[in-house]
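Next comes input25.cif, with mmCIF, C-alpha atoms.
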data_entry
loop_
_atom_site.label_atom_id
_atom_site.label_comp_id
_atom_site.auth_asym_id
_atom_site.auth_seq_id
_atom_site.Cartn_x
_atom_site.Cartn_y
_atom_site.Cartn_z
CA MET J 4 111.56 35.27 115.87
CA TYR J 5 113.48 36.66 112.94
CA ILE J 6 114.42 40.27 113.70
CA ILE J 7 116.20 42.65 111.35
CA ILE J 8 118.15 45.55 112.83
CA ILE J 9 119.15 48.53 110.68
CA GLY J 10 122.22 50.32 111.97
CA GLY J 11 125.17 48.66 113.68
CA GLY J 12 126.21 51.49 115.97
CA LYS J 13 126.25 51.12 119.75
CA VAL J 14 122.47 50.72 120.00
CA GLY J 15 122.28 48.26 117.10
CA TYR J 16 125.15 46.18 118.38
CA TYR J 17 123.96 45.84 121.98
CA LEU J 18 120.38 45.29 120.87
CA GLY J 19 121.54 42.52 118.53
CA ARG J 20 123.55 40.93 121.29
CA ALA J 21 120.64 41.01 123.73
CA LEU J 22 118.22 39.55 121.19
CA LEU J 23 120.68 36.80 120.27
CA ASP J 24 120.98 35.88 123.94
CA GLU J 25 117.22 35.58 124.11
CA GLY J 26 117.42 33.02 121.33
CA HIS J 27 116.13 35.08 118.41
CA GLU J 28 117.45 34.94 114.88
CA ILE J 29 118.83 38.35 114.06
CA LEU J 30 120.51 40.20 111.24
CA VAL J 31 122.18 43.60 111.43
CA VAL J 32 122.48 45.78 108.31
CA GLU J 33 125.35 48.27 108.52
CA LYS J 34 126.95 50.52 105.90
CA ASP J 35 130.34 50.96 107.48
CA PRO J 36 132.80 48.13 106.71
CA ASN J 37 134.70 48.53 110.01
CA ARG J 38 131.58 48.31 112.15
CA ASN J 39 130.46 45.40 110.02
CA GLU J 40 133.67 43.50 110.64
CA PHE J 41 133.54 44.29 114.36
CA ILE J 42 129.99 42.97 114.77
CA CYS J 43 130.69 39.80 112.78
CA GLY J 44 133.79 39.25 114.92
CA GLU J 45 131.86 39.67 118.16
CA LEU J 46 128.52 38.06 117.37
CA GLY J 47 129.22 35.69 114.48
CA SER J 48 128.00 36.10 110.92
CA VAL J 49 124.95 38.16 111.72
CA CYS J 50 125.88 41.43 110.04
CA ILE J 51 125.81 42.32 106.39
CA ARG J 52 127.10 45.42 104.69
CA GLY J 53 124.48 47.49 102.96
CA ASP J 54 121.98 50.30 102.99
CA GLY J 55 118.97 49.32 105.07
CA CYS J 56 116.73 51.71 103.13
CA GLU J 57 117.37 49.97 99.82
CA VAL J 58 114.84 47.50 98.55
CA ALA J 59 117.63 45.39 97.02
CA THR J 60 119.44 45.01 100.36
CA LEU J 61 116.24 44.24 102.22
CA THR J 62 115.29 41.60 99.66
CA GLU J 63 118.68 39.98 100.05
CA VAL J 64 118.35 39.70 103.84
CA GLY J 65 114.91 38.09 103.60
CA THR J 66 112.85 40.94 105.00
CA GLY J 67 109.73 39.22 103.68
CA ARG J 68 109.94 36.59 106.43
CA ALA J 69 110.97 38.98 109.23
CA ASP J 70 108.70 39.16 112.28
CA MET J 71 110.09 42.46 113.43
CA PHE J 72 112.07 45.27 111.89
CA ILE J 73 113.99 47.73 114.07
CA ALA J 74 115.74 50.82 112.65
CA VAL J 75 118.26 52.33 115.06
CA THR J 76 120.59 54.45 112.93
CA GLY J 77 121.45 57.92 114.18
CA ASP J 78 119.34 59.63 111.52
CA ASP J 79 115.61 59.94 111.98
CA GLU J 80 114.86 60.16 108.26
CA ASP J 81 116.83 56.99 107.51
CA ASN J 82 114.95 55.14 110.24
CA LEU J 83 111.64 56.39 108.87
CA VAL J 84 112.35 55.30 105.30
CA ALA J 85 113.79 51.92 106.33
CA CYS J 86 110.67 51.17 108.38
CA GLN J 87 108.33 52.34 105.62
CA VAL J 88 110.08 50.17 103.03
CA ALA J 89 109.87 47.18 105.39
CA LYS J 90 106.23 47.82 106.11
CA HIS J 91 104.90 48.61 102.66
CA LYS J 92 107.17 46.57 100.42
CA PHE J 93 107.69 43.53 102.64
CA ASN J 94 104.65 43.65 104.94
CA VAL J 95 106.69 43.25 108.12
CA PRO J 96 104.11 43.05 110.93
CA ARG J 97 105.98 45.21 113.44
CA THR J 98 108.29 48.13 112.73
CA ILE J 99 110.15 50.08 115.40
CA ALA J 100 112.09 53.29 114.77
CA ARG J 101 114.54 55.09 116.98
CA ILE J 102 114.16 58.86 116.88
CA SER J 103 116.48 61.58 118.09
CA ASN J 104 114.26 64.60 117.62
CA PRO J 105 111.32 64.20 120.06
CA GLN J 106 109.13 66.24 117.70
CA ASN J 107 109.25 63.43 115.19
CA GLU J 108 107.29 61.12 117.47
CA THR J 109 103.89 62.32 116.26
CA ILE J 110 105.04 62.60 112.66
CA PHE J 111 106.28 58.99 112.59
CA LYS J 112 103.02 57.79 114.14
CA LYS J 113 101.01 59.55 111.44
CA LEU J 114 103.25 58.07 108.76
CA GLY J 115 102.50 54.53 109.90
CA ILE J 116 105.47 53.47 112.03
CA ASP J 117 104.20 51.08 114.72
CA VAL J 118 106.48 52.06 117.58
CA THR J 119 108.92 54.92 118.10
CA VAL J 120 111.56 55.14 120.78
CA SER J 121 112.90 58.59 121.50
CA SER J 122 116.32 58.30 123.10
CA THR J 123 116.34 62.02 123.86
CA ASN J 124 113.07 61.80 125.81
CA ILE J 125 114.17 58.73 127.73
CA ILE J 126 117.39 60.40 128.83
CA LEU J 127 115.52 63.56 129.84
CA GLU J 128 112.99 61.60 131.89
CA ASN J 129 115.69 59.64 133.67
CA ILE J 130 117.59 62.78 134.53
CA GLU J 131 114.40 64.45 135.78
CA GLU J 132 113.82 61.55 138.17
CA GLU J 133 117.30 61.97 139.59
CA VAL J 134 116.89 65.70 140.22
CA PRO J 135 115.20 65.68 143.64
CA THR J 136 113.88 69.24 143.48
CA HIS J 137 112.21 68.74 140.16
CA PRO J 138 108.54 69.58 140.79
CA LEU J 139 107.05 67.16 138.27
CA THR J 140 108.36 63.84 137.04
CA HIS J 141 107.10 61.95 134.00
CA LEU J 142 106.58 58.31 134.87
CA LEU J 143 104.79 56.96 131.84
CA THR J 144 103.35 58.16 128.55
CA ILE J 145 100.21 56.59 127.14
CA LYS J 146 100.90 57.53 123.57
CA ASP J 147 97.74 56.57 121.72
CA LYS J 148 95.52 58.44 124.23
CA GLY J 149 97.73 61.52 124.57
CA LEU J 150 97.91 61.03 128.33
CA GLU J 151 100.77 60.80 130.76
CA ILE J 152 101.26 59.59 134.30
CA VAL J 153 103.26 62.05 136.39
CA GLU J 154 104.47 62.38 139.94
CA VAL J 155 104.30 65.66 141.87
CA LYS J 156 105.95 66.15 145.26
CA ILE J 157 104.42 68.54 147.77
CA PRO J 158 107.20 70.62 149.33
CA PRO J 159 106.92 71.69 153.03
CA ASP J 160 106.32 75.33 152.10
CA SER J 161 103.50 74.61 149.69
CA THR J 162 100.37 76.76 150.12
CA THR J 163 98.08 73.83 149.39
CA ILE J 164 99.04 71.84 152.52
CA GLY J 165 95.99 71.28 154.72
CA LYS J 166 93.54 71.72 151.88
CA PRO J 167 91.20 68.93 150.77
CA VAL J 168 91.45 67.65 147.23
CA LYS J 169 88.03 69.11 146.29
CA GLU J 170 89.33 72.63 146.87
CA LEU J 171 92.17 72.29 144.40
CA SER J 172 91.57 73.78 140.97
CA LEU J 173 92.70 70.82 138.95
CA PRO J 174 92.90 71.20 135.18
CA PRO J 175 90.46 69.21 133.01
CA GLU J 176 91.39 65.66 131.93
CA THR J 177 93.39 65.27 135.12
CA VAL J 178 92.82 62.58 137.73
CA LEU J 179 94.71 62.16 140.99
CA SER J 180 95.25 58.43 141.22
CA LEU J 181 97.41 57.81 144.23
CA ILE J 182 99.02 59.60 147.17
CA ILE J 183 102.12 58.10 148.71
CA ARG J 184 102.92 59.31 152.23
CA LYS J 185 106.02 58.97 154.30
CA GLN J 186 106.26 55.57 155.97
CA ARG J 187 102.68 54.80 155.07
CA LYS J 188 100.76 52.73 152.64
CA PRO J 189 99.73 54.47 149.44
CA ILE J 190 96.16 55.79 149.50
CA VAL J 191 93.64 56.47 146.77
CA PRO J 192 92.66 60.12 147.23
CA THR J 193 89.01 61.13 147.61
CA ALA J 194 87.49 64.61 147.45
CA ASP J 195 88.04 64.98 151.22
CA THR J 196 91.65 63.79 151.39
CA ILE J 197 93.78 66.53 152.98
CA LEU J 198 97.15 67.27 151.37
CA GLN J 199 100.20 66.92 153.60
CA ALA J 200 103.78 68.04 153.27
CA GLU J 201 106.04 65.57 151.44
CA ASP J 202 103.09 63.85 149.77
CA GLN J 203 103.99 62.20 146.51
CA ILE J 204 101.02 62.43 144.20
CA ILE J 205 100.63 60.23 141.16
CA ALA J 206 98.29 61.71 138.59
CA ALA J 207 97.11 61.10 135.05
CA THR J 208 97.08 64.25 132.93
CA THR J 209 97.78 65.63 129.45
CA PRO J 210 101.03 67.29 128.35
CA GLU J 211 99.15 70.61 127.99
CA SER J 212 97.78 70.53 131.54
CA GLU J 213 101.08 69.68 133.23
CA GLU J 214 101.86 73.22 134.28
CA ALA J 215 98.33 73.86 135.60
CA LEU J 216 98.44 70.60 137.57
CA ARG J 217 101.74 71.52 139.15
CA THR J 218 100.37 74.92 140.23
CA ALA J 219 97.12 73.40 141.52
CA LEU J 220 98.97 70.90 143.71
CA ARG J 221 101.83 73.02 145.01
CA GLY J 222 100.34 76.50 145.01
CA SER J 223 102.07 79.30 143.17
CA MET P 12 101.02 80.48 93.85
CA LYS P 13 102.98 79.97 97.04
CA VAL P 14 105.89 77.53 96.66
CA VAL P 15 108.18 76.11 99.35
CA ILE P 16 111.41 74.50 98.13
CA MET P 17 113.67 72.48 100.40
CA GLY P 18 117.33 72.31 99.37
CA CYS P 19 119.14 75.19 97.65
CA GLY P 20 121.48 73.18 95.48
CA ARG P 21 121.85 73.76 91.74
CA VAL P 22 118.40 72.42 90.91
CA GLY P 23 116.65 74.03 93.87
CA ALA P 24 118.19 77.44 93.26
CA ARG P 25 117.43 77.32 89.57
CA LEU P 26 113.82 76.26 90.11
CA ALA P 27 113.41 79.02 92.72
CA GLY P 28 114.77 81.59 90.24
CA LEU P 29 112.48 80.43 87.42
CA LEU P 30 109.35 80.50 89.58
CA ASP P 31 110.30 83.85 91.07
CA ILE P 32 110.65 85.48 87.61
CA GLU P 33 107.16 84.26 86.76
CA GLY P 34 105.83 86.10 89.77
CA HIS P 35 105.24 83.22 92.18
CA ASN P 36 105.75 83.58 95.89
CA VAL P 37 108.83 81.41 96.57
CA ALA P 38 110.41 80.41 99.89
CA ILE P 39 113.56 78.28 99.80
CA LEU P 40 115.06 76.40 102.75
CA ASP P 41 118.58 75.10 103.24
CA THR P 42 120.55 74.05 106.31
CA ASP P 43 123.58 75.98 105.04
CA ALA P 44 123.32 79.73 104.37
CA TYR P 45 126.29 79.47 101.99
CA SER P 46 124.04 77.58 99.53
CA PHE P 47 122.01 80.72 98.91
CA ARG P 48 124.89 82.09 96.79
CA ARG P 49 123.41 79.98 94.00
CA LEU P 50 120.22 82.03 93.91
CA PRO P 51 120.05 84.67 91.15
CA PRO P 52 121.14 88.14 92.37
CA ASP P 53 117.69 89.60 91.76
CA PHE P 54 115.85 86.76 93.56
CA GLY P 55 112.74 88.31 95.13
CA GLY P 56 111.61 85.36 97.27
CA THR P 57 112.53 84.33 100.81
CA ALA P 58 115.67 82.33 101.62
CA LEU P 59 115.60 80.70 105.06
CA VAL P 60 118.18 78.69 106.96
CA GLY P 61 116.42 75.65 108.36
CA ASN P 62 115.83 71.95 108.17
CA GLY P 63 112.92 70.88 105.98
CA THR P 64 112.21 67.84 108.13
CA ASP P 65 111.56 70.14 111.08
CA GLU P 66 107.98 71.33 111.53
CA GLU P 67 109.00 74.70 112.95
CA SER P 68 111.27 75.55 110.01
CA LEU P 69 108.56 74.52 107.59
CA LYS P 70 106.04 76.74 109.34
CA LYS P 71 108.46 79.66 109.17
CA ALA P 72 108.78 79.08 105.45
CA GLY P 73 104.99 79.37 105.21
CA ILE P 74 104.14 75.72 104.57
CA GLU P 75 100.66 76.20 106.05
CA GLU P 76 99.64 78.48 103.15
CA ALA P 77 101.74 76.75 100.48
CA ASP P 78 100.19 75.43 97.26
CA VAL P 79 103.31 73.51 96.29
CA PHE P 80 106.16 71.83 98.17
CA VAL P 81 109.28 70.48 96.45
CA SER P 82 112.06 68.58 98.25
CA LEU P 83 115.43 68.65 96.48
CA THR P 84 118.18 67.93 99.00
CA GLN P 85 120.99 65.46 98.34
CA GLY P 86 119.47 62.90 100.70
CA ASP P 87 116.71 60.68 99.32
CA ASN P 88 115.43 59.88 102.78
CA ARG P 89 115.37 63.50 103.86
CA ASN P 90 113.40 64.34 100.72
CA VAL P 91 110.95 61.52 101.36
CA MET P 92 110.42 62.50 104.98
CA ALA P 93 109.96 66.21 104.22
CA ALA P 94 107.57 65.44 101.36
CA GLN P 95 105.47 63.21 103.61
CA ILE P 96 105.35 65.86 106.32
CA ALA P 97 104.20 68.42 103.73
CA LYS P 98 101.60 66.09 102.27
CA TYR P 99 100.18 64.34 105.32
CA ILE P 100 100.77 66.78 108.18
CA PHE P 101 100.36 70.14 106.45
CA ASN P 102 98.08 68.91 103.63
CA VAL P 103 99.93 70.84 100.90
CA PRO P 104 97.91 70.28 97.68
CA LYS P 105 100.90 69.52 95.42
CA VAL P 106 104.03 67.82 96.71
CA VAL P 107 106.91 66.76 94.48
CA CYS P 108 110.07 65.07 95.63
CA ARG P 109 113.37 63.94 94.17
CA ILE P 110 114.53 60.37 94.88
CA TYR P 111 117.78 59.33 93.20
CA ASP P 112 117.33 55.62 93.94
CA PRO P 113 114.96 54.26 91.25
CA LEU P 114 113.65 51.41 93.40
CA ARG P 115 112.87 53.68 96.30
CA ARG P 116 111.16 56.08 93.92
CA GLU P 117 108.98 53.30 92.60
CA LEU P 118 107.92 52.32 96.11
CA TYR P 119 107.04 55.86 97.17
CA ASN P 120 105.23 56.49 93.90
CA SER P 121 103.06 53.51 94.64
CA LEU P 122 102.47 54.89 98.15
CA GLY P 123 101.09 58.09 96.62
CA LEU P 124 104.08 60.45 96.60
CA GLU P 125 104.83 62.23 93.36
CA ALA P 126 108.53 61.46 93.03
CA PHE P 127 111.08 61.78 90.23
CA SER P 128 114.32 59.90 89.86
CA PRO P 129 116.95 61.95 87.98
CA THR P 130 118.92 58.72 87.66
CA THR P 131 116.25 57.02 85.58
CA ILE P 132 115.36 60.11 83.57
CA PHE P 133 118.95 61.05 82.72
CA ALA P 134 120.02 57.51 81.88
CA GLN P 135 117.05 57.18 79.54
CA MET P 136 117.86 60.54 77.91
CA LEU P 137 121.49 59.58 77.40
CA LYS P 138 120.52 56.26 75.90
CA GLU P 139 118.21 57.95 73.42
CA LYS P 140 120.91 60.49 72.48
CA LEU P 141 123.47 57.75 71.96
CA GLU P 142 121.11 55.67 69.86
CA GLY P 143 119.77 58.63 67.88
#

Could you show the structure in this file as structure tokens?
Amino acid sequence: MYIIIIGGGKVGYYLGRALLDEGHEILVVEKDPNRNEFICGELGSVCIRGDGCEVATLTEVGTGRADMFIAVTGDDEDNLVACQVAKHKFNVPRTIARISNPQNETIFKKLGIDVTVSSTNIILENIEEEVPTHPLTHLLTIKDKGLEIVEVKIPPDSTTIGKPVKELSLPPETVLSLIIRKQRKPIVPTADTILQAEDQIIAATTPESEEALRTALRGS
Amino acid sequence: MKVVIMGCGRVGARLAGLLDIEGHNVAILDTDAYSFRRLPPDFGGTALVGNGTDEESLKKAGIEEADVFVSLTQGDNRNVMAAQIAKYIFNVPKVVCRIYDPLRRELYNSLGLEAFSPTTIFAQMLKEKLEG
């Protein structure tokens, strides 16, 4: 595949390296002459100096035949424009933009960017997983449906221990999918499953219902 | 009418002043409060520190009731992004944006954004002056 990467910072450089190793044809577009020289020195002649938002630059690098276009500069607006130019001027089938401000995720979607990757959100989620007392962990986001898969741990002092699932006041659009118990096989909860201390519950919910789900499962 | 302007540079401040004198309800946004020194001393509109590509700042500036949005920062891409947010997220009836790069302006014009390139306009004007 021919993949164009806009932005030769840390993300752009390591991404380029990984894609090269996988056998893809890549090209990095970078404004800064020092970064440009560094990347060419490390990876071979796969970096050109230029503005990845400019039609002229993108014509020069053959964006018309690119299979994928990935914008990973540090500025959300630059990534947006680069992807839009690639999509609308050159009909690149798949555009991916890195975003720093998590709020921009929905905006970019509405403005036609195929995939967004929010580095801020990813870091937050990873840190959450590492904080053992964190009551609710995000495992997966199903973007196009507005749903997320989360994990809730039941602490030993929770008021819901000993109650069956049917007695919990779960928020709407929420489904308990799996309960993982200490030393035991995971079970699919039914209405009569009784909650136990240290249960790890995997549930599908919406971002708005997160708080209500946490309260329903752990008591207040 | 209610106007939201993003970017209080020379053009933004001047436009804000002109619209204000004519009695329009003007809100102007800039990331740097120091830029507001360019506004006329008797400016009666609202000057707000904030980023025009940020939904919250735009809401504070009253984008939801705005009839017109104009983006006039130094960054073409920032202008494009803010204009698209105003047009497609907040459905502002009239959105105008400045894009210095003529090629980029052409592209966004064809995508439905009303954009002006001072580069093209000024070069054309100069040429006519020199020839005339």

Could you tell me, as a count of residues only, exactly which residues end up selected when the PyMOL selection byres ((chain P and resi 103-119) around 8) is applied to this structure? 37

List the spatial neighbours of P:Ala93 as a VMD selection string - criterion: any atom at most 6 Å away, all atoms listed in the file, same-chain residues fewer than 3 positions off excluded. chain P and resid 63 to 64 90 96

Store the residues picked out above, limited to C-alpha atoms, as a compact mmCIF listing (two decimals), in the coordinates of the input.
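The result, written out as part00.txt:
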# COMPACT_ATOMS: atom_id res chain seq x y z
CA GLY P 63 112.92 70.88 105.98
CA THR P 64 112.21 67.84 108.13
CA ASN P 90 113.40 64.34 100.72
CA ILE P 96 105.35 65.86 106.32

Using the chain letters and numbering of this document, enumerate as a PyMOL selection string the residues selected by the PyMOL selection byres ((chain J and resi 68-81) around 8). (chain J and resi 4-12+14-15+56+65-67+82-86+89+95-104+107) or (chain P and resi 88-89+92)

So how far away is atom CA of P:Thr42 from atom CA of P:Lys71, in Å?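 According to the coordinates, atom CA of P:Lys71 and atom CA of P:Thr42 are separated by 13.6 Å.
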
Compile the contact shell of J:Val168 as number ranges by chain: residues with an atom at most 7 Å away, counting all atoms listed in the file, same-chain residues fewer than 3 positions apart removed. J: 171, 193-197

How would the residues just chosen look if you wrote them out with C-alpha atoms as a CSV table (one decimal), keeping the file's coordinate frame?
chain,number,residue,atom,x,y,z
J,171,LEU,CA,92.2,72.3,144.4
J,193,THR,CA,89.0,61.1,147.6
J,194,ALA,CA,87.5,64.6,147.4
J,195,ASP,CA,88.0,65.0,151.2
J,196,THR,CA,91.6,63.8,151.4
J,197,ILE,CA,93.8,66.5,153.0

Check which residues satisfy the PyMOL selection byres ((chain P and resi 18-32) around 10) in the file shown, then give them as a PyMOL selection string. chain P and resi 12-17+33-63+81-86+90

Hey, can you spit out that residue selection with C-alpha atoms as a CSV table (one decimal), in the coordinates of the input?
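Output file selection10.csv follows:
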chain,number,residue,atom,x,y,z
P,12,MET,CA,101.0,80.5,93.8
P,13,LYS,CA,103.0,80.0,97.0
P,14,VAL,CA,105.9,77.5,96.7
P,15,VAL,CA,108.2,76.1,99.4
P,16,ILE,CA,111.4,74.5,98.1
P,17,MET,CA,113.7,72.5,100.4
P,33,GLU,CA,107.2,84.3,86.8
P,34,GLY,CA,105.8,86.1,89.8
P,35,HIS,CA,105.2,83.2,92.2
P,36,ASN,CA,105.8,83.6,95.9
P,37,VAL,CA,108.8,81.4,96.6
P,38,ALA,CA,110.4,80.4,99.9
P,39,ILE,CA,113.6,78.3,99.8
P,40,LEU,CA,115.1,76.4,102.8
P,41,ASP,CA,118.6,75.1,103.2
P,42,THR,CA,120.6,74.0,106.3
P,43,ASP,CA,123.6,76.0,105.0
P,44,ALA,CA,123.3,79.7,104.4
P,45,TYR,CA,126.3,79.5,102.0
P,46,SER,CA,124.0,77.6,99.5
P,47,PHE,CA,122.0,80.7,98.9
P,48,ARG,CA,124.9,82.1,96.8
P,49,ARG,CA,123.4,80.0,94.0
P,50,LEU,CA,120.2,82.0,93.9
P,51,PRO,CA,120.0,84.7,91.2
P,52,PRO,CA,121.1,88.1,92.4
P,53,ASP,CA,117.7,89.6,91.8
P,54,PHE,CA,115.8,86.8,93.6
P,55,GLY,CA,112.7,88.3,95.1
P,56,GLY,CA,111.6,85.4,97.3
P,57,THR,CA,112.5,84.3,100.8
P,58,ALA,CA,115.7,82.3,101.6
P,59,LEU,CA,115.6,80.7,105.1
P,60,VAL,CA,118.2,78.7,107.0
P,61,GLY,CA,116.4,75.6,108.4
P,62,ASN,CA,115.8,72.0,108.2
P,63,GLY,CA,112.9,70.9,106.0
P,81,VAL,CA,109.3,70.5,96.4
P,82,SER,CA,112.1,68.6,98.2
P,83,LEU,CA,115.4,68.6,96.5
P,84,THR,CA,118.2,67.9,99.0
P,85,GLN,CA,121.0,65.5,98.3
P,86,GLY,CA,119.5,62.9,100.7
P,90,ASN,CA,113.4,64.3,100.7

Of the candidates J:Glu131, J:Asp147, J:Glu108, J:Glu211, which one gets nearest to chain P if we count all atoms listed in the file?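 Of the candidates, the smallest distance to chain P is held by J:Glu108.
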
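The spacing separating atom CA of P:Leu69 from atom CA of J:Thr109 amounts to 15.7 Å.
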
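For J:Ile42, the residues within 9 Å (counting all atoms listed in the file, excluding itself and residues fewer than 6 positions away along the chain) are Gly11, Tyr16, Val31, Ser48, Val49 and Cys50 of chain J.
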
J:His141: which residues within 8 Å, counting all atoms listed in the file, same-chain residues fewer than 6 positions away excluded, as a list of chain:residue names?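 These residues fall inside the cut-off: J:Glu128, J:Glu131, J:Glu132, J:Glu151, J:Ile152, J:Val153, J:Glu154.
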
Rounded to one decimal, what separation in Å do you get between atom CA of J:Phe111 and atom CA of J:Thr209?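 Answer for the atom CA of J:Phe111 to atom CA of J:Thr209 separation: 20.0 Å.
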
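Considering the residues J:Pro158, J:Pro175, J:Pro167, J:Gly115 and counting only C-alpha atoms, chain P has its shortest atom-to-atom contact with J:Gly115.
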